[in-house]
Amino acid sequence: MKQQEIERKFLVKSDGWRGKGSGELFRQGYIARTQDRTVRVRVAGERGTLTIKYRGAGIARSEFEYAIPLDEAQALLDGLEPGEIIEKMRFTFEENGDVWEVDEFMGANAGLVVAEIELASEEQNFVRPDWLGEEGSKISRYLNVELSHLPYTAWTAEQRQEGKK
């Protein structure tokens, strides 16, 4: 199903979000990637999905997401190198009338915690929780596809400190 995805991404600077939602394990990898599009396979709980994303203007992207059988999603992930697979716990909850997704990364991206909010437009207002750090919506290294190639643990100390201000 095609949809427009408008998502803002923030680093998380405190534990104020904890306890607001239950976590679900996500395993995902990228089976194709160009400068302006990606093809991702994901296993979330007992669900498999295949997602194609096209970069648009600003933070908007076209997204096509399809449910696929769990065993096929697992087989596609098994075809990737272990370092190319991202593992994270995703916590989804509502705060101040908005739905937030907080991803706590594991493995080579351990230590990185990112919050996302999907919006109807880039100009949409929302209440910014006090546990949010700096915005990373336009910083490509925070994209999951980039984390699969240059994980958080390989960043410089300066890169890691950004957003914790």
# chains A, B, ... in the order shown; residues from 1 in each chain; ligands from 1
$ residues_around --residues "A:Phe105" --least-positions-apart "3" --cutoff "7 Å" --atoms "only C-alpha atoms" --output "mmCIF file with N, CA, C and O atoms, in the first residue's frame"
data_model
loop_
_atom_site.group_PDB
_atom_site.id
_atom_site.type_symbol
_atom_site.label_atom_id
_atom_site.label_comp_id
_atom_site.auth_asym_id
_atom_site.auth_seq_id
_atom_site.Cartn_x
_atom_site.Cartn_y
_atom_site.Cartn_z
ATOM 1 N N GLU A 87 18.917 -4.611 14.902
ATOM 2 C CA GLU A 87 17.997 -5.113 15.919
ATOM 3 C C GLU A 87 17.689 -3.976 16.880
ATOM 4 O O GLU A 87 18.590 -3.241 17.284
ATOM 5 N N LYS A 88 16.410 -3.860 17.214
ATOM 6 C CA LYS A 88 15.987 -2.805 18.125
ATOM 7 C C LYS A 88 14.692 -3.214 18.795
ATOM 8 O O LYS A 88 13.927 -4.020 18.265
ATOM 9 N N MET A 89 14.483 -2.652 19.964
ATOM 10 C CA MET A 89 13.189 -2.768 20.634
ATOM 11 C C MET A 89 12.434 -1.488 20.319
ATOM 12 O O MET A 89 12.972 -0.387 20.504
ATOM 13 N N ASN A 109 24.572 -1.092 17.202
ATOM 14 C CA ASN A 109 23.988 0.236 17.411
ATOM 15 C C ASN A 109 23.565 0.460 18.860
ATOM 16 O O ASN A 109 22.847 1.416 19.161
ATOM 17 N N ALA A 110 24.021 -0.419 19.766
ATOM 18 C CA ALA A 110 23.684 -0.294 21.189
ATOM 19 C C ALA A 110 24.110 1.070 21.715
ATOM 20 O O ALA A 110 25.178 1.579 21.367
ATOM 21 N N GLY A 111 23.248 1.646 22.528
ATOM 22 C CA GLY A 111 23.517 2.966 23.094
ATOM 23 C C GLY A 111 22.744 4.068 22.397
ATOM 24 O O GLY A 111 22.622 5.171 22.920
ATOM 25 N N LEU A 112 22.220 3.792 21.217
ATOM 26 C CA LEU A 112 21.450 4.782 20.473
ATOM 27 C C LEU A 112 19.963 4.576 20.763
ATOM 28 O O LEU A 112 19.443 3.465 20.655
ATOM 29 N N VAL A 113 19.291 5.664 21.149
ATOM 30 C CA VAL A 113 17.852 5.645 21.387
ATOM 31 C C VAL A 113 17.264 6.830 20.619
ATOM 32 O O VAL A 113 17.678 7.976 20.808
#
$ residues_around --residues "A:Ala60" --least-positions-apart "4" --cutoff "7 Å" --atoms "only C-alpha atoms" --output "PyMOL selection string"
chain A and resi 4-6+56
$ write_last_selection --atoms "all heavy atoms" --output "PDB file, in the first residue's frame"
ATOM      1  N   GLN A   4       2.254   8.422   1.862  1.00  0.00           N
ATOM      2  CA  GLN A   4       3.263   9.452   2.078  1.00  0.00           C
ATOM      3  C   GLN A   4       3.693   9.356   3.532  1.00  0.00           C
ATOM      4  O   GLN A   4       2.850   9.347   4.421  1.00  0.00           O
ATOM      5  CB  GLN A   4       2.670  10.827   1.794  1.00  0.00           C
ATOM      6  CG  GLN A   4       3.620  11.963   2.007  1.00  0.00           C
ATOM      7  CD  GLN A   4       4.388  12.313   0.751  1.00  0.00           C
ATOM      8  OE1 GLN A   4       4.178  11.727  -0.294  1.00  0.00           O
ATOM      9  NE2 GLN A   4       5.288  13.256   0.847  1.00  0.00           N
ATOM     10  N   GLU A   5       4.979   9.246   3.763  1.00  0.00           N
ATOM     11  CA  GLU A   5       5.494   9.184   5.131  1.00  0.00           C
ATOM     12  C   GLU A   5       6.188  10.505   5.441  1.00  0.00           C
ATOM     13  O   GLU A   5       7.101  10.906   4.734  1.00  0.00           O
ATOM     14  CB  GLU A   5       6.491   8.035   5.264  1.00  0.00           C
ATOM     15  CG  GLU A   5       7.117   7.973   6.646  1.00  0.00           C
ATOM     16  CD  GLU A   5       8.229   6.946   6.716  1.00  0.00           C
ATOM     17  OE1 GLU A   5       9.234   7.118   6.018  1.00  0.00           O
ATOM     18  OE2 GLU A   5       8.070   5.992   7.487  1.00  0.00           O
ATOM     19  N   ILE A   6       5.704  11.172   6.476  1.00  0.00           N
ATOM     20  CA  ILE A   6       6.332  12.404   6.959  1.00  0.00           C
ATOM     21  C   ILE A   6       6.666  12.152   8.414  1.00  0.00           C
ATOM     22  O   ILE A   6       5.784  12.052   9.265  1.00  0.00           O
ATOM     23  CB  ILE A   6       5.406  13.632   6.800  1.00  0.00           C
ATOM     24  CG1 ILE A   6       5.041  13.809   5.316  1.00  0.00           C
ATOM     25  CG2 ILE A   6       6.080  14.876   7.358  1.00  0.00           C
ATOM     26  CD1 ILE A   6       3.981  14.852   5.062  1.00  0.00           C
ATOM     27  N   GLY A  56      11.802  11.839  -0.912  1.00  0.00           N
ATOM     28  CA  GLY A  56      11.105  12.962  -1.531  1.00  0.00           C
ATOM     29  C   GLY A  56      11.773  14.264  -1.128  1.00  0.00           C
ATOM     30  O   GLY A  56      12.933  14.284  -0.714  1.00  0.00           O
TER      31      GLY A  56
END
$ residues_around --residues "stretch 62-65 of chain A" --least-positions-apart "2" --cutoff "7 Å" --atoms "only C-alpha atoms" --output "list in words"
Met1, Lys2, Gln3, Gln4, Glu5, Thr49, Leu50, Thr51, Ile52, Lys53, Tyr54, Arg55, Gly56 and Ala67 of chain A
$ select_by_dssp --residues "stretch 1-153 of chain A" --states "strand (DSSP E)" --output "MDAnalysis selection string"
chainID A and resid 2:12 23:33 37:44 47:55 60:68 86:95 98:105 113:118 132:135
$ closest_atom_pairs --of "stretch 32-103 of chain A" --to "stretch 145-152 of chain A" --cutoff "10 Å" --atoms "only C-alpha atoms" --output "JSON lines"
{"residue": "A:Ala32", "atom": "CA", "partner": "A:Val145", "partner_atom": "CA", "distance": 9.9}
{"residue": "A:Arg33", "atom": "CA", "partner": "A:Val145", "partner_atom": "CA", "distance": 8.2}
{"residue": "A:Thr38", "atom": "CA", "partner": "A:Val145", "partner_atom": "CA", "distance": 7.8}
{"residue": "A:Val39", "atom": "CA", "partner": "A:Val145", "partner_atom": "CA", "distance": 9.5}
{"residue": "A:Arg40", "atom": "CA", "partner": "A:Val145", "partner_atom": "CA", "distance": 8.4}
{"residue": "A:Pro82", "atom": "CA", "partner": "A:Ser148", "partner_atom": "CA", "distance": 9.8}
{"residue": "A:Gly83", "atom": "CA", "partner": "A:Ser148", "partner_atom": "CA", "distance": 7.0}
{"residue": "A:Glu84", "atom": "CA", "partner": "A:Ser148", "partner_atom": "CA", "distance": 4.9}
{"residue": "A:Ile85", "atom": "CA", "partner": "A:Ser148", "partner_atom": "CA", "distance": 6.3}
{"residue": "A:Ile86", "atom": "CA", "partner": "A:Ser148", "partner_atom": "CA", "distance": 6.1}
{"residue": "A:Glu87", "atom": "CA", "partner": "A:Ser148", "partner_atom": "CA", "distance": 9.8}
$ write_last_selection --atoms "N, CA, C and O atoms" --output "PDB file, in the first residue's frame"
ATOM      1  N   ALA A  32      18.194  -3.928  -0.911  1.00  0.00           N
ATOM      2  CA  ALA A  32      18.581  -3.083  -2.039  1.00  0.00           C
ATOM      3  C   ALA A  32      18.612  -1.635  -1.564  1.00  0.00           C
ATOM      4  O   ALA A  32      17.813  -1.231  -0.719  1.00  0.00           O
ATOM      5  N   ARG A  33      19.540  -0.883  -2.152  1.00  0.00           N
ATOM      6  CA  ARG A  33      19.703   0.510  -1.725  1.00  0.00           C
ATOM      7  C   ARG A  33      20.342   1.304  -2.851  1.00  0.00           C
ATOM      8  O   ARG A  33      21.317   0.860  -3.451  1.00  0.00           O
ATOM      9  N   THR A  38      15.190   2.656  -1.032  1.00  0.00           N
ATOM     10  CA  THR A  38      15.632   1.463  -0.311  1.00  0.00           C
ATOM     11  C   THR A  38      14.546   0.395  -0.379  1.00  0.00           C
ATOM     12  O   THR A  38      13.361   0.707  -0.542  1.00  0.00           O
ATOM     13  N   VAL A  39      14.982  -0.852  -0.239  1.00  0.00           N
ATOM     14  CA  VAL A  39      14.068  -1.980  -0.093  1.00  0.00           C
ATOM     15  C   VAL A  39      14.461  -2.670   1.203  1.00  0.00           C
ATOM     16  O   VAL A  39      15.583  -3.161   1.342  1.00  0.00           O
ATOM     17  N   ARG A  40      13.534  -2.682   2.157  1.00  0.00           N
ATOM     18  CA  ARG A  40      13.799  -3.202   3.494  1.00  0.00           C
ATOM     19  C   ARG A  40      12.938  -4.423   3.753  1.00  0.00           C
ATOM     20  O   ARG A  40      11.769  -4.466   3.381  1.00  0.00           O
ATOM     21  N   PRO A  82      25.583 -10.660   8.929  1.00  0.00           N
ATOM     22  CA  PRO A  82      25.109 -10.337  10.289  1.00  0.00           C
ATOM     23  C   PRO A  82      25.226  -8.851  10.633  1.00  0.00           C
ATOM     24  O   PRO A  82      24.340  -8.297  11.281  1.00  0.00           O
ATOM     25  N   GLY A  83      26.273  -8.184  10.188  1.00  0.00           N
ATOM     26  CA  GLY A  83      26.454  -6.766  10.492  1.00  0.00           C
ATOM     27  C   GLY A  83      25.486  -5.857   9.778  1.00  0.00           C
ATOM     28  O   GLY A  83      25.358  -4.687  10.117  1.00  0.00           O
ATOM     29  N   GLU A  84      24.788  -6.375   8.771  1.00  0.00           N
ATOM     30  CA  GLU A  84      23.840  -5.563   8.015  1.00  0.00           C
ATOM     31  C   GLU A  84      22.446  -5.566   8.627  1.00  0.00           C
ATOM     32  O   GLU A  84      21.566  -4.857   8.174  1.00  0.00           O
ATOM     33  N   ILE A  85      22.245  -6.388   9.637  1.00  0.00           N
ATOM     34  CA  ILE A  85      20.931  -6.510  10.259  1.00  0.00           C
ATOM     35  C   ILE A  85      20.862  -5.608  11.485  1.00  0.00           C
ATOM     36  O   ILE A  85      21.749  -5.628  12.332  1.00  0.00           O
ATOM     37  N   ILE A  86      19.824  -4.825  11.546  1.00  0.00           N
ATOM     38  CA  ILE A  86      19.580  -3.939  12.684  1.00  0.00           C
ATOM     39  C   ILE A  86      18.593  -4.625  13.617  1.00  0.00           C
ATOM     40  O   ILE A  86      17.574  -5.154  13.166  1.00  0.00           O
ATOM     41  N   GLU A  87      18.917  -4.611  14.902  1.00  0.00           N
ATOM     42  CA  GLU A  87      17.997  -5.113  15.919  1.00  0.00           C
ATOM     43  C   GLU A  87      17.689  -3.976  16.880  1.00  0.00           C
ATOM     44  O   GLU A  87      18.590  -3.241  17.284  1.00  0.00           O
TER      45      GLU A  87
END
$ select_by_dssp --residues "stretch 17-143 of chain A" --states "alpha helix (DSSP H)" --output "list in words"
Leu70, Asp71, Glu72, Ala73, Gln74, Ala75, Leu76, Leu77 and Asp78 of chain A
$ write_last_selection --atoms "N, CA, C and O atoms" --output "PDB file, in the first residue's frame"
ATOM      1  N   LEU A  70       6.144 -14.788   7.279  1.00  0.00           N
ATOM      2  CA  LEU A  70       7.237 -14.684   8.246  1.00  0.00           C
ATOM      3  C   LEU A  70       8.448 -15.499   7.815  1.00  0.00           C
ATOM      4  O   LEU A  70       9.582 -15.002   7.900  1.00  0.00           O
ATOM      5  N   ASP A  71       8.245 -16.722   7.326  1.00  0.00           N
ATOM      6  CA  ASP A  71       9.396 -17.548   6.934  1.00  0.00           C
ATOM      7  C   ASP A  71      10.150 -16.946   5.758  1.00  0.00           C
ATOM      8  O   ASP A  71      11.376 -17.052   5.676  1.00  0.00           O
ATOM      9  N   GLU A  72       9.456 -16.252   4.853  1.00  0.00           N
ATOM     10  CA  GLU A  72      10.126 -15.599   3.733  1.00  0.00           C
ATOM     11  C   GLU A  72      10.911 -14.374   4.214  1.00  0.00           C
ATOM     12  O   GLU A  72      12.023 -14.119   3.737  1.00  0.00           O
ATOM     13  N   ALA A  73      10.347 -13.623   5.138  1.00  0.00           N
ATOM     14  CA  ALA A  73      11.069 -12.478   5.704  1.00  0.00           C
ATOM     15  C   ALA A  73      12.336 -12.955   6.409  1.00  0.00           C
ATOM     16  O   ALA A  73      13.417 -12.366   6.249  1.00  0.00           O
ATOM     17  N   GLN A  74      12.228 -14.035   7.179  1.00  0.00           N
ATOM     18  CA  GLN A  74      13.397 -14.599   7.871  1.00  0.00           C
ATOM     19  C   GLN A  74      14.448 -15.043   6.858  1.00  0.00           C
ATOM     20  O   GLN A  74      15.642 -14.805   7.054  1.00  0.00           O
ATOM     21  N   ALA A  75      14.024 -15.699   5.770  1.00  0.00           N
ATOM     22  CA  ALA A  75      14.957 -16.161   4.743  1.00  0.00           C
ATOM     23  C   ALA A  75      15.685 -14.986   4.093  1.00  0.00           C
ATOM     24  O   ALA A  75      16.898 -15.062   3.833  1.00  0.00           O
ATOM     25  N   LEU A  76      14.968 -13.903   3.834  1.00  0.00           N
ATOM     26  CA  LEU A  76      15.620 -12.723   3.265  1.00  0.00           C
ATOM     27  C   LEU A  76      16.640 -12.135   4.233  1.00  0.00           C
ATOM     28  O   LEU A  76      17.746 -11.750   3.836  1.00  0.00           O
ATOM     29  N   LEU A  77      16.296 -12.065   5.518  1.00  0.00           N
ATOM     30  CA  LEU A  77      17.253 -11.574   6.516  1.00  0.00           C
ATOM     31  C   LEU A  77      18.448 -12.510   6.625  1.00  0.00           C
ATOM     32  O   LEU A  77      19.593 -12.048   6.754  1.00  0.00           O
ATOM     33  N   ASP A  78      18.214 -13.807   6.539  1.00  0.00           N
ATOM     34  CA  ASP A  78      19.302 -14.780   6.636  1.00  0.00           C
ATOM     35  C   ASP A  78      20.294 -14.639   5.485  1.00  0.00           C
ATOM     36  O   ASP A  78      21.446 -15.048   5.606  1.00  0.00           O
TER      37      ASP A  78
END
$ decode --residues "stretch 23-62 of chain A" --atoms "N, CA and C atoms" --output "CSV table (one decimal), in the first residue's frame"
chain,number,residue,atom,x,y,z
A,23,GLY,N,7.5,-3.1,24.7
A,23,GLY,CA,8.4,-3.2,23.6
A,23,GLY,C,8.2,-4.4,22.7
A,24,GLU,N,8.6,-4.2,21.4
A,24,GLU,CA,8.5,-5.3,20.5
A,24,GLU,C,9.8,-5.4,19.7
A,25,LEU,N,10.4,-6.6,19.6
A,25,LEU,CA,11.7,-6.7,18.9
A,25,LEU,C,11.5,-6.6,17.4
A,26,PHE,N,12.3,-5.8,16.8
A,26,PHE,CA,12.4,-5.6,15.4
A,26,PHE,C,13.7,-6.1,14.9
A,27,ARG,N,13.8,-6.9,13.8
A,27,ARG,CA,15.0,-7.2,13.1
A,27,ARG,C,14.7,-6.8,11.7
A,28,GLN,N,15.7,-6.1,11.1
A,28,GLN,CA,15.5,-5.6,9.7
A,28,GLN,C,16.8,-5.4,9.0
A,29,GLY,N,16.7,-5.5,7.7
A,29,GLY,CA,17.9,-5.3,6.9
A,29,GLY,C,17.5,-4.8,5.5
A,30,TYR,N,18.4,-4.3,4.8
A,30,TYR,CA,18.2,-3.7,3.5
A,30,TYR,C,18.7,-4.6,2.4
A,31,ILE,N,17.8,-5.0,1.5
A,31,ILE,CA,18.2,-6.0,0.4
A,31,ILE,C,18.5,-5.2,-0.8
A,32,ALA,N,18.2,-3.9,-0.9
A,32,ALA,CA,18.6,-3.1,-2.0
A,32,ALA,C,18.6,-1.6,-1.6
A,33,ARG,N,19.5,-0.9,-2.2
A,33,ARG,CA,19.7,0.5,-1.7
A,33,ARG,C,20.3,1.3,-2.9
A,34,THR,N,19.8,2.5,-3.2
A,34,THR,CA,20.4,3.4,-4.1
A,34,THR,C,20.4,4.7,-3.3
A,35,GLN,N,20.8,5.8,-4.0
A,35,GLN,CA,20.9,7.1,-3.4
A,35,GLN,C,19.5,7.6,-2.9
A,36,ASP,N,18.5,7.3,-3.6
A,36,ASP,CA,17.1,7.8,-3.3
A,36,ASP,C,16.1,6.8,-3.0
A,37,ARG,N,16.4,5.5,-2.9
A,37,ARG,CA,15.4,4.5,-2.5
A,37,ARG,C,16.0,3.3,-1.8
A,38,THR,N,15.2,2.7,-1.0
A,38,THR,CA,15.6,1.5,-0.3
A,38,THR,C,14.5,0.4,-0.4
A,39,VAL,N,15.0,-0.9,-0.2
A,39,VAL,CA,14.1,-2.0,-0.1
A,39,VAL,C,14.5,-2.7,1.2
A,40,ARG,N,13.5,-2.7,2.2
A,40,ARG,CA,13.8,-3.2,3.5
A,40,ARG,C,12.9,-4.4,3.8
A,41,VAL,N,13.5,-5.4,4.4
A,41,VAL,CA,12.8,-6.5,4.9
A,41,VAL,C,12.8,-6.4,6.5
A,42,ARG,N,11.7,-6.7,7.1
A,42,ARG,CA,11.6,-6.6,8.5
A,42,ARG,C,10.8,-7.7,9.1
A,43,VAL,N,11.2,-8.2,10.3
A,43,VAL,CA,10.5,-9.1,11.1
A,43,VAL,C,10.2,-8.3,12.4
A,44,ALA,N,8.9,-8.1,12.7
A,44,ALA,CA,8.5,-7.5,13.9
A,44,ALA,C,7.5,-8.4,14.6
A,45,GLY,N,8.0,-9.0,15.7
A,45,GLY,CA,7.2,-10.0,16.4
A,45,GLY,C,7.0,-11.2,15.5
A,46,GLU,N,5.8,-11.5,15.1
A,46,GLU,CA,5.4,-12.6,14.3
A,46,GLU,C,5.0,-12.1,12.9
A,47,ARG,N,5.4,-10.9,12.5
A,47,ARG,CA,5.0,-10.3,11.2
A,47,ARG,C,6.2,-10.1,10.4
A,48,GLY,N,6.1,-10.4,9.1
A,48,GLY,CA,7.1,-10.0,8.1
A,48,GLY,C,6.6,-8.9,7.2
A,49,THR,N,7.5,-8.0,6.8
A,49,THR,CA,7.1,-7.0,5.8
A,49,THR,C,8.2,-6.7,4.9
A,50,LEU,N,7.8,-6.2,3.7
A,50,LEU,CA,8.8,-5.8,2.7
A,50,LEU,C,8.4,-4.3,2.4
A,51,THR,N,9.3,-3.4,2.5
A,51,THR,CA,9.0,-2.0,2.4
A,51,THR,C,9.9,-1.3,1.3
A,52,ILE,N,9.4,-0.6,0.4
A,52,ILE,CA,10.1,0.2,-0.5
A,52,ILE,C,9.9,1.7,-0.2
A,53,LYS,N,11.0,2.4,0.0
A,53,LYS,CA,10.9,3.9,0.3
A,53,LYS,C,11.6,4.7,-0.8
A,54,TYR,N,11.0,5.7,-1.2
A,54,TYR,CA,11.6,6.7,-2.1
A,54,TYR,C,11.8,8.0,-1.4
A,55,ARG,N,12.9,8.6,-1.5
A,55,ARG,CA,13.2,9.9,-0.8
A,55,ARG,C,12.5,11.0,-1.6
A,56,GLY,N,11.8,11.8,-0.9
A,56,GLY,CA,11.1,13.0,-1.5
A,56,GLY,C,11.8,14.3,-1.1
A,57,ALA,N,11.0,15.3,-1.2
A,57,ALA,CA,11.5,16.6,-0.8
A,57,ALA,C,11.4,16.8,0.7
A,58,GLY,N,12.4,17.4,1.3
A,58,GLY,CA,12.3,17.6,2.8
A,58,GLY,C,12.4,16.3,3.5
A,59,ILE,N,11.5,16.1,4.5
A,59,ILE,CA,11.5,14.8,5.2
A,59,ILE,C,10.4,13.9,4.8
A,60,ALA,N,9.7,14.3,3.7
A,60,ALA,CA,8.6,13.4,3.2
A,60,ALA,C,9.2,12.3,2.3
A,61,ARG,N,8.6,11.1,2.4
A,61,ARG,CA,9.0,10.0,1.5
A,61,ARG,C,7.8,9.2,1.1
A,62,SER,N,7.9,8.6,-0.1
A,62,SER,CA,6.8,7.7,-0.6
A,62,SER,C,7.2,6.3,0.0
